[in-house]
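Engineer: Pasting a structure below so you can have a look.
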Amino acid sequence: MTTHRFIGQPTKSLEGPEKVSGAAKYAVDAHQPSALWTKLLRSPYPRARILRIDTTRAAALPGVHAILTGEDVRGMRTGIAYRDEPLLAWDEVRFAGERVAAVCADDADIATAALALIDVDYEELTPMLSAAEALAPGAPIIHPDFNSYEDVAPIATPSNAYGHITLAAGDTTVGFADADVIVERTYETPLIHQMYFEPHTCLVSLDADGTAQVWLASGTPGVNHTELARVLGISPDKIVVNFSLLGGSYGGKTDGTEAALCYLLAKRTGRSVRFLADYAEELTAMHPRNPSIIRIKAGAKRDGTLTAWEVEAYFATGAYSAYDIVPSAGGLLVAGATGPYRTPNVTIDSYQVYTNTIACGYMRGPGPFQCTFASESHVDEVAKALGMTPDDVRLKNLIHQQADMAIQGLWIPPSSPDSASAQATRMKESLDQALEASGYHEPKPSNVGRGISIDVHGEIGGDAHAAVQVNADGTITISMPTYGLGIDTYTTLAQVVAEGLGVPMDQIDRAPWSTAQGPTDAGLGGDRGARMITLVGSLAVRDVTQQLQNLAAELMGWDSGDAVIEDGVLRNPTSDQQVPIAELVERAGHPVIGRGDADEPWNSEYASFVAHVAEVHVDPETGGVRLLRYTAVHETGQIINPIGFQGQINGGVNQGIAHALMEELPLDNGRVAVASFIDYKIPTMGDMPPLTTVILDSDVGHGQFNVRGIGNKAINMPAPAIANAIADATGVRVRSLPLSAEKVHRALRAIE
């Protein structure tokens with residue numbers, strides 16, 4: 001491994017002091033003293049026709065300034081890709097929690113009181129509350145006008161299954177004919193909320209010239225800027241989305257719908273308007289993870305060799321796909337449903353289905369979480385049917401080169417496995433390390449089990465932009481359109497700049513761009529942060545270095561190509577003359593700014609390998625599951641910041657454990673049945689087991705620093721590892737999340 005001065009060194013967060021002191025500014029901190037407050041009336045029914053809305057009493061309430069209903073926004077639909085969601089429902093509501101009216105008042109209490117005075121007459125309709133109901137013969141079509149929506153991929157026949165993707169290789173008919181054992185099971189995952197602590201919030205203020213200044217809690221401010229302009233029908237240069245820190249997202253803050261409503265209310269009232277969701281709204285009306293039903297049928301030889309792998313996956317989108325990953329963008333990522341195994345005969349059929357339930361959205365790897373739970377659980381079930389150990393079946397079928405993967409996902413190998421850029425696979429090494437570090441084969445007490453989960457992950461690319469400004473006082477200012485999601489992306493950029501210019505980290509400050517100050521990007525997600533930020537950071541450093549070399553040539557007569565930067569000093573290796581870069585900038589009379597811009601393929605030629613082992617104790621009387629210890633092995637490229645890297649593993653494991661054992665949004669007649677943290681179970685530190693982490697780093701990865709992403713790699717592993725450990729401890733299999741004590745208890749009683 002190459003040794004660097006700043007890259008690879010434990011580095012404290014640039015944003016840390018602001019956050020712990022309370023000085024950090026989030027969207028909710030944006031202040032306009034005369035701002036009005038917006039509250040939203042939401043549908044109590046999962047499916048109903050709107051017959052009449054009467055706002056007379058609400059409008060008469062002192063302190064109410066404006067009210068919007070569906071009639072005011074008729075025809076205005078929003079979305080990232082598929083524009084199918086009304087700003088406010090006008091003819092029909094399609095889920096309990098859908099926006100029906102917006103009230104703008106002097107304060108939140110008055111706006112809330114006004115909501116109770118709005119009279120709405122509904123005609124209840126029969127809802128389709130699951131994918132099975134929505135796909136049943138004769139089921140009403142939730143979106144009969146689907147093909148008329150903007151930017152959708154049209155479907156030939158009206159259906160609630162608006163997306164169907166098939167991935168195939170080989171011939172599964174032949175594969176099953178060659179099999180000695182065939183195992184078919186179905187696995188389910190529930191609605192899960194992202195559990196960011198900062199709720200959705202925004203503030204819209206209109207300048208004298210009509211320009212909208214927007215502060216928005218969003219992980220995709222550039223995307224929201226474009227969509228706000230489109231849905232409102234105004235020029236993008238008339239909207240400025242300003243920088244705000246983000247109090248968590250995990251994919252759940254991609255929409256700016258409330259900002260669009262606040263803009264319309266600001267236009268109507270001539271006042272600034274803000275919105276702040278409460279957590280009841282967050283849990284019952286925002287964009288949780290898609291629930292899934294995944295059937296896997298696998299064939300294997302007696303020696304454990306897999307011969308066929310067939311997947312049929314159904315994902316309930318909810319009422320709208322506006323802020324979900326849609327088929328035209330590749331759909332929910334299901335290529336990983338085969339796992340990191342040699343599966344020559346594969347068919348994966350994935351369906352995205354409209355239902356009259358809460359509209360779903362992105363959450364830390366949309367699709368892989370659900371698929372990994374199913375596939376890694378199923379490998380253990382195949383092992384049981386064969387009378388083999390779970391690790392032996394995995395080792396028998398592991399990929400040994402990229403070309404072994406029948407279905408390619410985000411990880412796309414070079415055309416030839418002999419290519420110089422072909423990545424050596426380290427799946428076996430990762431699994432071996434996990435087995436050893438966890439003591440997988442050591443004797444176990446009664447009611448204790450151990451479970452494995454493994455996987456391979458790529459990362460996405462896309463566009464990214466950065467600037468590095470060298471100032472005359474010796475400070476460096478770094479800028480990006482990316483707003484931190486809690487992982488402090490600016491610290492990563494600062495490390496790259498410090499490495500390239502040889503300046504201390506404390507000389508670097510950040511100045512994030514608003515949408516008026518620089519180009520926008522697609523936001524963070526899909527593990528793209530390290531890949532893209534280090535790339536554009538390196539390009540910006542290269543650009544600013546070239547400009548400083550040119551200044552030295554102009555002002556000092558050096559050969560522009562000879563000068564090198566070391567420790568913040570530009571040195572001429574020929575004459576051994578040197579000048580601090582700050583002095584050179586001062587002599588130039590203006591800051592020197594370098595730019596880095598890139599647009600990478602969405603797929604990656606590199607992947608990371610991961611293997612986890614969970615050890616659990618199961619109470620045979622109650623079914624209660626207690627995690628005793630957890631082992632995580634992650635293979636990766638160059639680590640930029642070990643503190644941040646380990647933090648991503650810790651956070652992903654903890655969140656994955658929560659999803660495995662307790663988190664879900666249950667529905668009661670189509671309505672989300674939990675509306676507060678009292679009812680929605682999330683873990684405390686007392687629920688977390690001792691964590692052993694093994695990191696296998698390397699010089700293989702993207703860009704100058706050979707990086708690979710880590711963000712979503714840990715979260716997918718705990719659910720199957722824990723499910724497999726429970727089965728190992730008890731001999732019973734729970735195939736639906738969460739793996740609650742009630743489910744384990746029922747399974748234990750069923751075999752008595």
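As shown in the structure tokens, the chain order sets the letters A, B, ...; within each chain, residues go from 1, and ligands are also counted from 1 in the order they appear.
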Running DSSP on the backbone, which parts of range 196-269 of chain A land in strand (DSSP E or B), as an NGL selection string?

Structural biologist: :A and (201-206 or 212-216 or 239-242 or 245)

Engineer: Take the residues that were just selected and, keeping C-alpha atoms, output them as a compact mmCIF listing (two decimals), in the first residue's frame.

Structural biologist:
```txt
# COMPACT_ATOMS: atom_id res chain seq x y z
CA THR A 201 -38.46 20.76 6.48
CA CYS A 202 -38.11 23.70 4.13
CA LEU A 203 -38.33 27.47 3.93
CA VAL A 204 -39.16 29.43 0.78
CA SER A 205 -38.59 33.17 0.57
CA LEU A 206 -39.18 35.31 -2.52
CA ALA A 212 -37.20 31.88 -4.77
CA GLN A 213 -34.60 31.32 -2.06
CA VAL A 214 -35.09 27.77 -0.78
CA TRP A 215 -33.65 26.00 2.24
CA LEU A 216 -34.48 22.33 2.10
CA ILE A 239 -34.89 29.18 -7.85
CA VAL A 240 -31.87 29.00 -5.57
CA VAL A 241 -31.51 26.02 -3.26
CA ASN A 242 -29.18 27.15 -0.48
CA LEU A 245 -26.55 20.57 6.66
```

Engineer: Any idea what's packed within 10 Å of Phe95 in chain A, counting only C-alpha atoms, ignoring anything in its chain fewer than 5 positions away? Could you give it as a PyMOL selection string?

Structural biologist: chain A and resi 42-48+127-129+284-285+318-320+355-359+670-672

Engineer: Would you please give, as a PyMOL selection string, all residues of range 85-230 of chain A that DSSP assigns to helix (DSSP H, G or I) based on the backbone?

Structural biologist: chain A and resi 108-115+131-135+146-148+172-178+221-230

Engineer: Find the nearest atom pair between each residue of range 169-252 of chain A and range 475-498 of chain A for residues within 9 Å, count only C-alpha atoms, give distances in Å to one decimal, sort rows by chain and ascending number, and present the table as a tab-separated table.

Structural biologist:
```
residue	atom	partner	partner_atom	distance
A:Ser218	CA	A:Tyr483	CA	8.5
A:Gly219	CA	A:Leu485	CA	6.6
A:Thr220	CA	A:Thr482	CA	8.1
A:Pro221	CA	A:Tyr483	CA	7.9
A:Gly222	CA	A:Pro481	CA	7.6
A:Phe243	CA	A:Tyr483	CA	6.9
A:Ser244	CA	A:Tyr483	CA	7.1
A:Leu245	CA	A:Gly484	CA	6.2
A:Leu246	CA	A:Leu485	CA	5.5
A:Gly247	CA	A:Gly486	CA	6.5
A:Gly248	CA	A:Leu485	CA	5.5
A:Ser249	CA	A:Leu485	CA	6.5
A:Tyr250	CA	A:Leu485	CA	8.0
```

Engineer: Listing only residues of range 643-678 of chain A within 7 Å of range 713-727 of chain A, what is the closest atom pair and its distance in Å (to one decimal) for each, using only C-alpha atoms, sorted by chain and residue number ascending, as JSON lines?

Structural biologist:
```
{"residue": "A:Ile649", "atom": "CA", "partner": "A:Ala714", "partner_atom": "CA", "distance": 5.5}
{"residue": "A:Gly652", "atom": "CA", "partner": "A:Ile715", "partner_atom": "CA", "distance": 4.2}
{"residue": "A:Val653", "atom": "CA", "partner": "A:Ile715", "partner_atom": "CA", "distance": 5.3}
{"residue": "A:Gln655", "atom": "CA", "partner": "A:Ile715", "partner_atom": "CA", "distance": 6.2}
{"residue": "A:Gly656", "atom": "CA", "partner": "A:Ile715", "partner_atom": "CA", "distance": 4.4}
{"residue": "A:Ile657", "atom": "CA", "partner": "A:Pro718", "partner_atom": "CA", "distance": 5.4}
{"residue": "A:His659", "atom": "CA", "partner": "A:Ala719", "partner_atom": "CA", "distance": 7.0}
{"residue": "A:Ala660", "atom": "CA", "partner": "A:Ala719", "partner_atom": "CA", "distance": 4.4}
```

Engineer: Store the residues of this selection in a file with N, CA, C and O atoms, as a short mmCIF file (atom, residue, chain, number, x, y, z; two decimals), in the first residue's frame.

Structural biologist:
```
data_model
loop_
_atom_site.label_atom_id
_atom_site.label_comp_id
_atom_site.auth_asym_id
_atom_site.auth_seq_id
_atom_site.Cartn_x
_atom_site.Cartn_y
_atom_site.Cartn_z
N ILE A 649 -19.13 1.15 8.74
CA ILE A 649 -19.38 -0.26 9.08
C ILE A 649 -20.22 -0.34 10.35
O ILE A 649 -21.23 -1.07 10.40
N GLY A 652 -23.78 0.83 9.57
CA GLY A 652 -24.50 -0.12 8.73
C GLY A 652 -24.87 -1.38 9.47
O GLY A 652 -26.00 -1.89 9.34
N VAL A 653 -23.94 -1.90 10.27
CA VAL A 653 -24.23 -3.11 11.05
C VAL A 653 -25.36 -2.84 12.04
O VAL A 653 -26.31 -3.63 12.17
N GLN A 655 -27.71 -0.54 11.95
CA GLN A 655 -28.98 -0.35 11.26
C GLN A 655 -29.50 -1.68 10.71
O GLN A 655 -30.69 -1.97 10.77
N GLY A 656 -28.59 -2.49 10.19
CA GLY A 656 -28.99 -3.80 9.68
C GLY A 656 -29.52 -4.71 10.77
O GLY A 656 -30.47 -5.47 10.55
N ILE A 657 -28.91 -4.65 11.94
CA ILE A 657 -29.41 -5.43 13.08
C ILE A 657 -30.82 -4.98 13.46
O ILE A 657 -31.71 -5.80 13.74
N HIS A 659 -33.04 -3.63 11.49
CA HIS A 659 -33.97 -4.11 10.47
C HIS A 659 -34.22 -5.60 10.61
O HIS A 659 -35.30 -6.09 10.30
N ALA A 660 -33.20 -6.31 11.05
CA ALA A 660 -33.34 -7.76 11.20
C ALA A 660 -34.26 -8.13 12.35
O ALA A 660 -35.08 -9.05 12.22
#
```

Engineer: Using CA of Gly233 in chain A and CA of Gly163 in chain A as the two end points, give the distance in Å to one decimal.

Structural biologist: 28.4 Å

Engineer: For Lys301 in chain A, which of A:Lys396, A:Arg531, A:Arg271, A:Arg83 is the closest residue, counting only C-alpha atoms?

Structural biologist: A:Lys396

Engineer: Show me, as a list of chain:residue names, the residues that have an atom within 8 Å of Val231 in chain A when counting only C-alpha atoms, minus same-chain residues fewer than 6 positions from it.

Structural biologist: A:Met76, A:Arg77, A:Thr78, A:Ala260

Engineer: Quick one: everything within 12 Å of Lys444 in chain A, counting only C-alpha atoms, minus sequence neighbours fewer than 2 positions away in the same chain. Send it as a list in words.

Structural biologist: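 So, after excluding close chain neighbours, the residues are Ser438, Gly439, Tyr440, His441, Glu442, Ser446, Asn447, Val448, Gly449, Arg450, Glu615, Val616, His617, Leu628, Ala725, Asp728 and Ala729 of chain A.
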
Engineer: How would the residues just chosen look if you wrote them out with N, CA, C and O atoms as an mmCIF file, in the first residue's frame?

Structural biologist:
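Listed below is the output, again_6.cif:
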```
data_model
loop_
_atom_site.group_PDB
_atom_site.id
_atom_site.type_symbol
_atom_site.label_atom_id
_atom_site.label_comp_id
_atom_site.auth_asym_id
_atom_site.auth_seq_id
_atom_site.Cartn_x
_atom_site.Cartn_y
_atom_site.Cartn_z
ATOM 1 N N SER A 438 -14.579 -15.106 13.770
ATOM 2 C CA SER A 438 -15.808 -15.326 14.541
ATOM 3 C C SER A 438 -15.779 -16.611 15.348
ATOM 4 O O SER A 438 -16.680 -16.844 16.167
ATOM 5 N N GLY A 439 -14.767 -17.466 15.107
ATOM 6 C CA GLY A 439 -14.784 -18.778 15.754
ATOM 7 C C GLY A 439 -15.952 -19.623 15.294
ATOM 8 O O GLY A 439 -16.557 -20.362 16.076
ATOM 9 N N TYR A 440 -16.261 -19.522 14.005
ATOM 10 C CA TYR A 440 -17.470 -20.140 13.464
ATOM 11 C C TYR A 440 -17.542 -21.634 13.759
ATOM 12 O O TYR A 440 -18.620 -22.174 14.032
ATOM 13 N N HIS A 441 -16.410 -22.316 13.696
ATOM 14 C CA HIS A 441 -16.407 -23.770 13.866
ATOM 15 C C HIS A 441 -16.139 -24.207 15.308
ATOM 16 O O HIS A 441 -16.040 -25.412 15.577
ATOM 17 N N GLU A 442 -16.025 -23.255 16.219
ATOM 18 C CA GLU A 442 -15.799 -23.621 17.611
ATOM 19 C C GLU A 442 -17.071 -24.213 18.218
ATOM 20 O O GLU A 442 -18.182 -23.919 17.764
ATOM 21 N N SER A 446 -25.667 -24.842 24.238
ATOM 22 C CA SER A 446 -27.048 -25.102 23.817
ATOM 23 C C SER A 446 -27.764 -23.788 23.534
ATOM 24 O O SER A 446 -27.531 -22.772 24.204
ATOM 25 N N ASN A 447 -28.613 -23.809 22.505
ATOM 26 C CA ASN A 447 -29.431 -22.660 22.102
ATOM 27 C C ASN A 447 -28.629 -21.500 21.520
ATOM 28 O O ASN A 447 -29.140 -20.381 21.406
ATOM 29 N N VAL A 448 -27.399 -21.764 21.166
ATOM 30 C CA VAL A 448 -26.548 -20.756 20.519
ATOM 31 C C VAL A 448 -26.303 -21.182 19.082
ATOM 32 O O VAL A 448 -26.062 -22.359 18.805
ATOM 33 N N GLY A 449 -26.403 -20.230 18.170
ATOM 34 C CA GLY A 449 -26.172 -20.537 16.766
ATOM 35 C C GLY A 449 -25.342 -19.464 16.104
ATOM 36 O O GLY A 449 -25.255 -18.322 16.577
ATOM 37 N N ARG A 450 -24.711 -19.854 15.004
ATOM 38 C CA ARG A 450 -23.918 -18.902 14.215
ATOM 39 C C ARG A 450 -24.408 -18.932 12.773
ATOM 40 O O ARG A 450 -24.745 -19.997 12.247
ATOM 41 N N GLU A 615 -23.587 -14.344 15.869
ATOM 42 C CA GLU A 615 -23.755 -15.389 16.883
ATOM 43 C C GLU A 615 -24.885 -14.972 17.811
ATOM 44 O O GLU A 615 -24.877 -13.857 18.351
ATOM 45 N N VAL A 616 -25.875 -15.856 17.969
ATOM 46 C CA VAL A 616 -27.056 -15.510 18.746
ATOM 47 C C VAL A 616 -27.350 -16.570 19.794
ATOM 48 O O VAL A 616 -26.939 -17.725 19.674
ATOM 49 N N HIS A 617 -28.071 -16.147 20.819
ATOM 50 C CA HIS A 617 -28.691 -17.076 21.765
ATOM 51 C C HIS A 617 -30.196 -16.915 21.613
ATOM 52 O O HIS A 617 -30.718 -15.796 21.576
ATOM 53 N N LEU A 628 -24.974 -12.274 20.625
ATOM 54 C CA LEU A 628 -23.832 -12.429 21.518
ATOM 55 C C LEU A 628 -22.593 -11.737 20.982
ATOM 56 O O LEU A 628 -21.840 -11.119 21.730
ATOM 57 N N ALA A 725 -28.321 -17.730 11.833
ATOM 58 C CA ALA A 725 -27.885 -18.095 13.185
ATOM 59 C C ALA A 725 -29.048 -18.635 14.007
ATOM 60 O O ALA A 725 -28.891 -19.591 14.784
ATOM 61 N N ASP A 728 -29.633 -22.085 12.959
ATOM 62 C CA ASP A 728 -28.567 -22.945 13.480
ATOM 63 C C ASP A 728 -28.811 -23.269 14.954
ATOM 64 O O ASP A 728 -28.558 -24.389 15.407
ATOM 65 N N ALA A 729 -29.329 -22.289 15.702
ATOM 66 C CA ALA A 729 -29.544 -22.490 17.134
ATOM 67 C C ALA A 729 -30.772 -23.338 17.433
ATOM 68 O O ALA A 729 -30.801 -24.077 18.426
#
```

Engineer: Which one of A:Phe176, A:Phe677, A:Phe609, A:Phe197 sits closest to Ala300 in chain A if you count only C-alpha atoms?

Structural biologist: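 Comparing A:Phe176, A:Phe677, A:Phe609, A:Phe197 against Ala300 in chain A, the winner is A:Phe176.
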
Engineer: Quick one: everything within 7 Å of Ile581 in chain A, counting only C-alpha atoms, minus sequence neighbours fewer than 4 positions away in the same chain. Send it as an MDAnalysis selection string.

Structural biologist: chainID A and resid 568:570 585

Engineer: Pick out the residues sitting within 9 Å of Ile80 in chain A, and hand them over as a list in words; count only C-alpha atoms, and ignore anything fewer than 6 positions along from it in its own chain.

Structural biologist: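 That gives Val223, Asn224, Glu227, Thr254, Asp255, Ser321, Ala322, Tyr323, Asp324 and Ile325 of chain A.
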
Engineer: Would you please work out which residue, of A:Ile508, A:Leu306, A:Ala675, A:Val393, is nearest to Asp178 in chain A when using only C-alpha atoms?

Structural biologist: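 Checking each of A:Ile508, A:Leu306, A:Ala675, A:Val393 against Asp178 in chain A, counting only C-alpha atoms, the winner is A:Leu306.
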